[in-house]
Structure formats: C-alpha cells, structure tokens
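> Below you'll find coords.txt; it's compact mmCIF, C-alpha atoms and all ligand atoms.
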# COMPACT_ATOMS: atom_id res chain seq x y z
CA MET L 1 7.92 8.74 7.98
CA SER L 2 11.53 7.57 7.95
CA SER L 3 10.55 4.13 9.24
CA ALA L 4 7.13 3.73 7.62
CA THR L 5 8.28 0.97 5.30
CA ALA L 6 5.97 -1.61 3.76
CA VAL L 7 5.28 -4.22 6.47
CA ARG L 8 4.25 -7.57 5.04
CA ARG L 9 4.46 -9.86 8.07
CA TYR L 10 2.00 -9.50 10.93
CA ARG L 11 1.48 -10.94 14.37
CA LYS L 12 -1.72 -12.94 14.84
CA GLU L 13 -3.13 -10.42 17.35
CA PRO L 14 -6.21 -8.60 16.13
CA VAL L 15 -6.19 -4.87 15.48
CA PRO L 16 -8.65 -3.14 17.83
CA ASP L 17 -11.35 -1.18 16.05
CA ASP L 18 -10.37 2.10 17.75
CA VAL L 19 -6.81 1.74 16.40
CA LEU L 20 -8.04 1.02 12.88
CA GLU L 21 -10.51 3.88 13.15
CA LYS L 22 -7.67 6.36 13.84
CA CYS L 23 -6.05 5.26 10.56
CA LEU L 24 -9.35 5.63 8.68
CA LEU L 25 -9.91 9.04 10.24
CA ALA L 26 -6.41 10.15 9.22
CA ALA L 27 -7.18 8.95 5.68
CA SER L 28 -10.33 11.07 5.67
CA TRP L 29 -8.27 14.18 6.56
CA ALA L 30 -6.34 13.97 3.27
CA PRO L 31 -6.47 16.67 0.61
CA SER L 32 -8.33 16.02 -2.65
CA GLY L 33 -9.10 18.02 -5.79
CA GLY L 34 -11.64 20.76 -4.93
CA ASN L 35 -12.01 19.05 -1.53
CA GLY L 36 -14.29 16.64 -3.35
CA GLN L 37 -13.25 13.75 -1.06
CA PRO L 38 -14.18 11.28 -3.80
CA TRP L 39 -13.23 8.26 -1.71
CA ARG L 40 -14.65 5.23 0.03
CA PHE L 41 -12.51 3.06 2.31
CA VAL L 42 -13.87 -0.47 2.41
CA VAL L 43 -12.80 -2.51 5.45
CA ILE L 44 -12.91 -6.11 4.32
CA ARG L 45 -13.82 -8.68 6.93
CA SER L 46 -16.01 -11.35 5.32
CA SER L 47 -14.43 -14.74 4.82
CA GLU L 48 -15.86 -14.88 1.29
CA LEU L 49 -14.01 -11.70 0.31
CA ARG L 50 -10.87 -12.76 2.16
CA ASN L 51 -10.78 -16.01 0.17
CA VAL L 52 -11.16 -14.15 -3.11
CA ILE L 53 -8.25 -11.91 -2.12
CA THR L 54 -6.04 -14.83 -1.10
CA ALA L 55 -6.53 -16.43 -4.51
CA ALA L 56 -5.74 -13.10 -6.20
CA ALA L 57 -2.64 -12.53 -4.08
CA ARG L 58 -1.30 -15.99 -4.93
CA GLN L 59 -1.99 -15.37 -8.58
CA THR L 60 -0.14 -12.03 -8.34
CA TRP L 61 2.89 -13.85 -6.98
CA GLU L 62 2.85 -16.38 -9.84
CA VAL L 63 2.70 -13.58 -12.43
CA MET L 64 5.32 -11.44 -10.67
CA LYS L 65 7.73 -14.29 -10.22
CA ASP L 66 7.71 -15.02 -13.95
CA PHE L 67 7.56 -11.41 -15.14
CA TYR L 68 10.47 -10.19 -13.00
CA ARG L 69 12.29 -13.54 -13.23
CA LEU L 70 12.60 -13.49 -9.46
CA PRO L 71 15.26 -15.80 -8.10
CA ALA L 72 14.48 -18.46 -5.52
CA VAL L 73 15.66 -16.99 -2.23
CA ALA L 74 17.64 -19.11 0.20
CA ALA L 75 15.86 -19.37 3.55
CA ASP L 76 18.91 -17.98 5.38
CA ALA L 77 19.82 -15.13 2.97
CA ASP L 78 19.91 -11.97 5.08
CA ASP L 79 20.60 -9.15 2.60
CA PRO L 80 17.81 -6.54 2.28
CA LYS L 81 16.69 -7.68 -1.21
CA SER L 82 16.36 -11.32 -0.17
CA ARG L 83 14.53 -10.35 3.01
CA VAL L 84 12.02 -8.26 1.03
CA LEU L 85 11.51 -11.00 -1.59
CA ARG L 86 10.91 -13.61 1.09
CA ALA L 87 8.48 -11.33 2.90
CA MET L 88 6.67 -10.60 -0.38
CA ALA L 89 6.31 -14.29 -1.16
CA GLU L 90 4.93 -15.01 2.32
CA HIS L 91 2.67 -11.95 2.20
CA MET L 92 1.10 -13.10 -1.07
CA ASN L 93 0.72 -16.62 0.23
CA VAL L 94 -1.11 -15.40 3.35
CA GLY L 95 -3.06 -12.91 1.20
CA GLY L 96 -6.55 -12.23 2.50
CA ASP L 97 -5.75 -13.73 5.90
CA ALA L 98 -3.84 -10.55 6.85
CA PRO L 99 -5.34 -9.19 10.09
CA GLU L 100 -7.05 -6.29 8.32
CA LEU L 101 -7.66 -5.40 4.68
CA VAL L 102 -8.74 -1.99 3.47
CA LEU L 103 -9.71 -1.25 -0.12
CA PHE L 104 -9.29 2.38 -1.24
CA CYS L 105 -11.78 3.41 -3.92
CA VAL L 106 -12.03 6.69 -5.81
CA GLN L 107 -14.80 8.20 -7.90
CA PRO L 108 -13.14 9.97 -10.84
CA GLN L 109 -14.50 13.49 -11.26
CA ARG L 110 -15.65 14.48 -14.73
CA GLY L 111 -12.87 15.75 -17.00
CA THR L 112 -10.03 14.73 -14.69
CA THR L 113 -6.92 12.93 -15.79
CA GLU L 114 -5.79 9.65 -14.23
CA MET L 115 -3.01 11.62 -12.52
CA GLN L 116 -5.59 13.91 -10.87
CA GLN L 117 -7.72 10.94 -9.87
CA ALA L 118 -4.76 9.21 -8.25
CA GLY L 119 -3.91 12.52 -6.59
CA SER L 120 -7.29 12.49 -4.88
CA ILE L 121 -6.82 9.07 -3.28
CA PHE L 122 -3.12 8.35 -2.65
CA PRO L 123 -2.72 11.19 -0.12
CA ALA L 124 -5.46 9.41 1.86
CA VAL L 125 -3.56 6.13 1.50
CA GLN L 126 -0.38 7.79 2.77
CA ASN L 127 -2.23 9.41 5.71
CA PHE L 128 -3.53 5.96 6.61
CA LEU L 129 -0.02 4.45 6.39
CA LEU L 130 1.47 7.15 8.61
CA ALA L 131 -1.30 6.86 11.19
CA ALA L 132 -0.76 3.10 11.18
CA ARG L 133 2.97 3.54 11.72
CA ALA L 134 2.41 6.08 14.49
CA GLN L 135 0.39 3.48 16.38
CA GLY L 136 2.94 0.69 15.85
CA LEU L 137 0.94 -1.02 13.11
CA GLY L 138 2.45 -2.09 9.84
CA ALA L 139 0.79 -1.95 6.44
CA ALA L 140 1.54 -2.66 2.81
CA ILE L 141 0.14 -1.21 -0.39
CA THR L 142 -0.87 -3.93 -2.84
CA LEU L 143 -2.33 -4.19 -6.31
CA TRP L 144 -3.76 -7.66 -5.72
CA HIS L 145 -7.23 -6.41 -6.58
CA GLY L 146 -6.08 -6.45 -10.20
CA HIS L 147 -6.61 -10.22 -10.12
CA CYS L 148 -10.07 -10.20 -8.53
CA GLU L 149 -11.66 -6.88 -9.43
CA PRO L 150 -14.92 -8.25 -10.93
CA GLU L 151 -15.52 -10.43 -7.84
CA LEU L 152 -14.76 -7.55 -5.45
CA ARG L 153 -17.00 -5.17 -7.37
CA ALA L 154 -19.91 -7.60 -7.47
CA SER L 155 -19.64 -8.70 -3.86
CA ILE L 156 -19.06 -5.25 -2.33
CA GLY L 157 -21.42 -3.46 -4.73
CA ILE L 158 -18.85 -0.97 -6.03
CA PRO L 159 -20.62 1.29 -8.55
CA ASP L 160 -19.35 1.18 -12.14
CA ASP L 161 -18.14 4.77 -12.07
CA TRP L 162 -15.76 4.12 -9.16
CA LYS L 163 -12.19 2.83 -9.44
CA ILE L 164 -10.20 0.73 -7.02
CA ALA L 165 -6.89 2.43 -6.20
CA THR L 166 -5.24 -0.05 -3.87
CA LEU L 167 -5.77 -2.77 -1.32
CA LEU L 168 -3.88 -2.35 1.94
CA THR L 169 -2.98 -5.18 4.28
CA VAL L 170 -2.65 -4.05 7.89
CA GLY L 171 -1.59 -5.59 11.18
CA TRP L 172 0.80 -5.45 14.10
CA ALA L 173 4.30 -5.72 12.63
CA ALA L 174 5.91 -9.10 13.31
CA GLY L 175 9.42 -7.62 13.24
CA HIS L 176 11.08 -4.26 13.69
CA HIS L 177 10.17 -1.14 11.79
CA ARG L 178 13.27 -0.62 9.68
CA PRO L 179 14.44 2.71 8.25
CA VAL L 180 13.37 3.41 4.67
CA ARG L 181 16.02 2.96 1.96
CA ARG L 182 15.84 5.84 -0.49
CA LYS L 183 17.99 7.81 -2.94
CA PRO L 184 19.87 10.67 -1.34
CA LEU L 185 18.09 14.02 -1.42
CA THR L 186 20.80 15.37 -3.69
CA GLU L 187 19.46 13.00 -6.38
CA ALA L 188 15.80 13.60 -5.66
CA ALA L 189 15.75 17.39 -5.34
CA VAL L 190 17.21 20.13 -7.53
CA ILE L 191 17.24 23.91 -7.56
CA ASP L 192 16.10 25.73 -10.72
CA GLN L 193 17.83 23.31 -13.09
CA TRP L 194 17.13 19.62 -13.64
CA ASP L 195 20.76 18.76 -12.98
CA ARG L 196 21.57 21.22 -10.17
CA PRO L 197 21.27 19.18 -6.97
CA TRP L 198 19.61 20.60 -3.90
CA SER L 199 22.06 22.05 -1.42
CA SER L 200 21.26 23.80 1.82
CA GLU L 201 24.32 26.00 1.44
CA LYS L 202 23.34 29.26 -0.25
CA VAL L 203 25.99 30.52 -2.71
C1 LIG L 301 1.48 2.07 -6.46
C2 LIG L 301 2.17 1.07 -5.56
C3 LIG L 301 1.92 -0.28 -5.73
C4 LIG L 301 2.51 -1.22 -4.87
N1 LIG L 301 2.18 -2.54 -5.02
C5 LIG L 301 2.67 -3.44 -4.14
C6 LIG L 301 2.25 -4.81 -4.19
O1 LIG L 301 1.43 -5.20 -5.01
N2 LIG L 301 2.77 -5.66 -3.28
C7 LIG L 301 3.65 -5.25 -2.33
O2 LIG L 301 4.08 -6.08 -1.52
N3 LIG L 301 4.08 -3.97 -2.25
C8 LIG L 301 3.59 -3.06 -3.12
N4 LIG L 301 3.96 -1.74 -3.02
C9 LIG L 301 4.93 -1.32 -1.96
C10 LIG L 301 6.30 -1.02 -2.57
O3 LIG L 301 6.90 -2.21 -3.02
C11 LIG L 301 7.18 -0.34 -1.51
O4 LIG L 301 6.55 0.84 -1.05
C12 LIG L 301 8.53 0.02 -2.07
O5 LIG L 301 9.23 -1.14 -2.46
C13 LIG L 301 9.39 0.76 -1.04
O6 LIG L 301 9.59 -0.06 0.07
P1 LIG L 301 9.29 0.46 1.53
O7 LIG L 301 7.94 1.12 1.49
O8 LIG L 301 9.30 -0.77 2.36
O9 LIG L 301 10.37 1.41 1.90
C14 LIG L 301 3.39 -0.80 -3.86
C15 LIG L 301 3.64 0.58 -3.70
C16 LIG L 301 3.02 1.50 -4.51
C17 LIG L 301 3.27 2.97 -4.27
Rewrite the coordinates I just gave you, this time as structure tokens.


Amino acid sequence: MSSATAVRRYRKEPVPDDVLEKCLLAASWAPSGGNGQPWRFVVIRSSELRNVITAAARQTWEVMKDFYRLPAVAADADDPKSRVLRAMAEHMNVGGDAPELVLFCVQPQRGTTEMQQAGSIFPAVQNFLLAARAQGLGAAITLWHGHCEPELRASIGIPDDWKIATLLTVGWAAGHHRPVRRKPLTEAAVIDQWDRPWSSEKV
C-alpha cells in the first residue's frame, strides 16, 4: 500500500491473462452495500474502443492543461511535481494504447446517494490496484471516460441505469514503484475532537 502510487508509464510487454485475472478477482472480493456487488469490470481490448479512449485522453489533457494552468515542464526537471506532470502528459498522449484498460461500472441501487454508489465500486477499484501492485504491475485511475462516455456506452452496450466510475490503465511499470507522498497521520487522524491529532501515546 505504501508504494501503490499511480503508475502512468508502462513497458511494452503484455500483461498475461492470469495476472490480470488475479486483479479482477481481487476487485470482485470488495465489500459493497448489502453485498449487492453492483459492478461490472469491462476489460477493453478492441482497437475501436482503444482509439476512442486515446482521443478522450488527449482531450482530457487539453482541458486540464488550460483549467489548471499547468506549466510547460522542462524535459530534465527532476522534482516530484515535474516528474508527475510529465508522466501525466505522456500517459494522456498514449491513452488507449496502454497495455490494459479496465472500465469499472456500477449500477446505482434505488434510493442510494452518490456517496453510497461510489462506496460500492471504489473499494473494488482499490482492491484491483493493490492486487496489481502486489504482482509488480502499475495502474492509474483516470476519468478519461468523461470525454467519450456516449461512444463507450453505445459500443460496449452499457445499460442506461449503470454509471461508469473510472477507467484504469494497467501495465508493467516502466520505472520504480516509489513510496506514496501523503500528509502525516497526525494531520489525517484525530481522537474525539476535530483538532486533537492522533497520538499513540495514551495520556
Ligand atoms: C477519483 C480519482 C480520479 C483520478 N483521476 C485521474 C486522472 O484522470 N488521471 C490521472 O493520471 N490520475 C488520476 N487519479 C490519480 C491521482 O492523481 C493520484 O492517485 C494522486 O495524485 C495521488 O498520487 P499517487 O497515487 O501516485 O500517490 C485519480 C484519482 C482518483 C481517486
């Protein structure tokens, strides 16, 4: 978990089906509201769908670049932010040519909030990511489907009452698995009071 970062650059080598299947199986072990398992994991392999996703990924980059006013990154800049930005730009340029693509879909149960619906699919996404990491694969969560949802729905045959949660890109990591960079636990966790930081020392 401490080195399951988003991996956006992949080696060309294919991912064997048995390796991918372990990730899918781990996803299917996730908890969901009422154990409803309202999910479908779509492994995307057709070149038609891959092309649609590449166009959407490139469009995402154009929008993101403008929206976040992302700076142009020097090719040799080696600080973490620049490295991530460069990897994101490349990732979105490669898009649907990532070795594997998996679309996570959820069928919202009647009367549930969006929070509950997300809660019945993102644990499966995280299980998948951890199983991928455990096998040396890398993966990245994306929202690229936001730029090609009608095409994906029509081509895959996703029923109207299902939602797309995320599109994962997956492959053998081209570089090292780096440690995650996160806030310290004393900022993330508290005891009893919003502003009383977690401490393992009992007073
Ligand atoms: C809901 C959600 C949407 C995300 N969308 C994207 C995305 O569109 N493209 C991308 O490259 N990463 C995406 N990410 C990955 C985050 O950028 C990444 O998890 C975060 O920056 C922390 O970095 P790390 O996982 O490498 O530690 C998304 C993550 C989440 C949880």

> Please return as a list in words the residues found within 7 Å of ligand LIG 301 (chain L), counting only C-alpha atoms and all ligand atoms.

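Here is the list of contacting residues: Ala4, Thr5, Ala6, Val7, Arg8, Met88, Ala140, Ile141, Thr142, Leu143, Trp144, Val180 and Arg181 of chain L.
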
> Given all atoms listed in the file, how would the per-residue table for range 27-83 of chain L near range 146-164 of chain L read, listing every residue at most 7 Å away with its closest atom pair and distance in Å to one decimal, sorted by chain and number, as a tab-separated table?


residue	atom	partner	partner_atom	distance
L:Val52	CA	L:Cys148	CA	6.8
L:Ile53	CA	L:Cys148	CA	6.9
L:Ala56	CA	L:His147	CA	4.9
L:Thr60	CA	L:His147	CA	7.0

> What are the closest atom pairs, with distances in Å to one decimal, for each residue of range 157-194 of chain L lying within 10 Å of range 42-50 of chain L, using only C-alpha atoms, rows by chain and rising residue number, as JSON lines?


{"residue": "L:Ile158", "atom": "CA", "partner": "L:Val42", "partner_atom": "CA", "distance": 9.8}
{"residue": "L:Leu167", "atom": "CA", "partner": "L:Val42", "partner_atom": "CA", "distance": 9.2}
{"residue": "L:Leu168", "atom": "CA", "partner": "L:Val43", "partner_atom": "CA", "distance": 9.6}
{"residue": "L:Thr169", "atom": "CA", "partner": "L:Ile44", "partner_atom": "CA", "distance": 10.0}

> Give me, as CSV, the closest atom pair and its distance (Å, one decimal) for every residue of range 134-155 of chain L within a cut-off of 12 Å of range 14-28 of chain L, counting all atoms listed in the file, rows sorted by chain and rising number.


residue,atom,partner,partner_atom,distance
L:Ala134,CA,L:Cys23,CA,9.4
L:Gln135,CA,L:Val19,CA,7.4
L:Gly136,CA,L:Val19,CA,9.8
L:Leu137,CA,L:Val15,CA,8.4
L:Gly138,CA,L:Val15,CA,10.7
L:Ala139,CA,L:Cys23,CA,10.8

> Any idea what's packed within 10 Å of range 120-124 of chain L, counting all atoms listed in the file, ignoring anything in its chain fewer than 5 positions away? Could you give it as a ChimeraX atom specification?

/L:23-41,104-109,114-115,129-130,164-166

> Compare L:Leu185, L:Arg9, L:Ala131, L:Val102 by their minimum atom-to-atom distance to Ala89 in chain L, counting only C-alpha atoms, and give me the closest one.

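With only C-alpha atoms as the atom set, the closest residue is L:Arg9.
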
> As an exercise, work out the distance from CA of Asp78 in chain L to CA of Ala55 in chain L in Å and give it to one decimal place.

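Pair CA of Asp78 in chain L / CA of Ala55 in chain L returns 28.5 Å.
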
> Contacts of Leu70 in chain L at 12 Å or less, counting all atoms listed in the file, minus same-chain residues fewer than 6 places along, as a ChimeraX atom specification?

/L:61-64,81-82,84-86,88-89

> Selection from above, C-alpha atoms, as a PDB file, in the coordinates of the input, can you write it?


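Just written: again01.pdb:
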ATOM      1  CA  TRP L  61       2.890 -13.850  -6.980  1.00  0.00           C
ATOM      2  CA  GLU L  62       2.850 -16.380  -9.840  1.00  0.00           C
ATOM      3  CA  VAL L  63       2.700 -13.580 -12.430  1.00  0.00           C
ATOM      4  CA  MET L  64       5.320 -11.440 -10.670  1.00  0.00           C
ATOM      5  CA  LYS L  81      16.690  -7.680  -1.210  1.00  0.00           C
ATOM      6  CA  SER L  82      16.360 -11.320  -0.170  1.00  0.00           C
ATOM      7  CA  VAL L  84      12.020  -8.260   1.030  1.00  0.00           C
ATOM      8  CA  LEU L  85      11.510 -11.000  -1.590  1.00  0.00           C
ATOM      9  CA  ARG L  86      10.910 -13.610   1.090  1.00  0.00           C
ATOM     10  CA  MET L  88       6.670 -10.600  -0.380  1.00  0.00           C
ATOM     11  CA  ALA L  89       6.310 -14.290  -1.160  1.00  0.00           C
TER      12      ALA L  89
END

> With only C-alpha atoms as the basis for distance, which of L:Arg83, L:Asn93, L:Lys65, L:Asn127 is at the shortest distance from Arg178 in chain L?

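Distance minimum relative to Arg178 in chain L lands on L:Arg83.
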
> If I take CA of Ala75 in chain L and CA of His177 in chain L, how far is one from the other in Å, to one decimal?

20.8 Å

> Give, as JSON, the centre coordinates and the x, y and z edge lengths in Å to one decimal for an axis-aligned box around all listed atoms of range 15-33 of chain L, padded by 5 Å on each side.


{"center_x": -8.7, "center_y": 6.6, "center_z": 6.0, "size_x": 15.3, "size_y": 32.9, "size_z": 33.6}

> Work out how far CA of Arg133 in chain L is from CA of Ser3 in chain L, in Å to one decimal.

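Going from CA of Ser3 in chain L over to CA of Arg133 in chain L covers 8.0 Å.
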
> Compare L:Val73, L:Ala87, L:Val125, L:Ala174 by their minimum atom-to-atom distance to Pro99 in chain L, counting all atoms listed in the file, and give me the closest one.

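Checking each of L:Val73, L:Ala87, L:Val125, L:Ala174 against Pro99 in chain L, counting all atoms listed in the file, the winner is L:Ala174.
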
> Could you complete range 21-32 of chain L so that it carries N, CA, C and O atoms, and give it back as a tab-separated table (two decimals), in the coordinates of the input?


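Wrote it out as out36.tsv, contents follow:
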chain	number	residue	atom	x	y	z
L	21	GLU	N	-9.70	2.68	13.42
L	21	GLU	CA	-10.51	3.88	13.15
L	21	GLU	C	-9.64	5.13	13.07
L	21	GLU	O	-9.90	6.04	12.27
L	22	LYS	N	-8.57	5.19	13.90
L	22	LYS	CA	-7.67	6.36	13.84
L	22	LYS	C	-7.01	6.44	12.46
L	22	LYS	O	-6.79	7.53	11.93
L	23	CYS	N	-6.67	5.28	11.90
L	23	CYS	CA	-6.05	5.26	10.56
L	23	CYS	C	-7.07	5.73	9.51
L	23	CYS	O	-6.74	6.50	8.60
L	24	LEU	N	-8.30	5.24	9.65
L	24	LEU	CA	-9.35	5.63	8.68
L	24	LEU	C	-9.65	7.12	8.78
L	24	LEU	O	-9.85	7.80	7.78
L	25	LEU	N	-9.65	7.62	10.03
L	25	LEU	CA	-9.91	9.04	10.24
L	25	LEU	C	-8.80	9.88	9.61
L	25	LEU	O	-9.06	10.87	8.92
L	26	ALA	N	-7.55	9.44	9.82
L	26	ALA	CA	-6.41	10.15	9.22
L	26	ALA	C	-6.55	10.16	7.70
L	26	ALA	O	-6.30	11.17	7.04
L	27	ALA	N	-6.99	9.02	7.14
L	27	ALA	CA	-7.18	8.95	5.68
L	27	ALA	C	-8.21	9.99	5.25
L	27	ALA	O	-8.05	10.67	4.23
L	28	SER	N	-9.24	10.14	6.05
L	28	SER	CA	-10.33	11.07	5.67
L	28	SER	C	-9.92	12.53	5.82
L	28	SER	O	-10.66	13.41	5.40
L	29	TRP	N	-8.76	12.80	6.43
L	29	TRP	CA	-8.27	14.18	6.56
L	29	TRP	C	-7.42	14.59	5.36
L	29	TRP	O	-6.89	15.70	5.31
L	30	ALA	N	-7.24	13.70	4.40
L	30	ALA	CA	-6.34	13.97	3.27
L	30	ALA	C	-6.89	15.06	2.34
L	30	ALA	O	-8.11	15.26	2.28
L	31	PRO	N	-5.99	15.73	1.63
L	31	PRO	CA	-6.47	16.67	0.61
L	31	PRO	C	-6.99	15.92	-0.62
L	31	PRO	O	-6.60	14.77	-0.85
L	32	SER	N	-7.87	16.59	-1.37
L	32	SER	CA	-8.33	16.02	-2.65
L	32	SER	C	-8.73	17.19	-3.54
L	32	SER	O	-8.98	18.29	-3.03
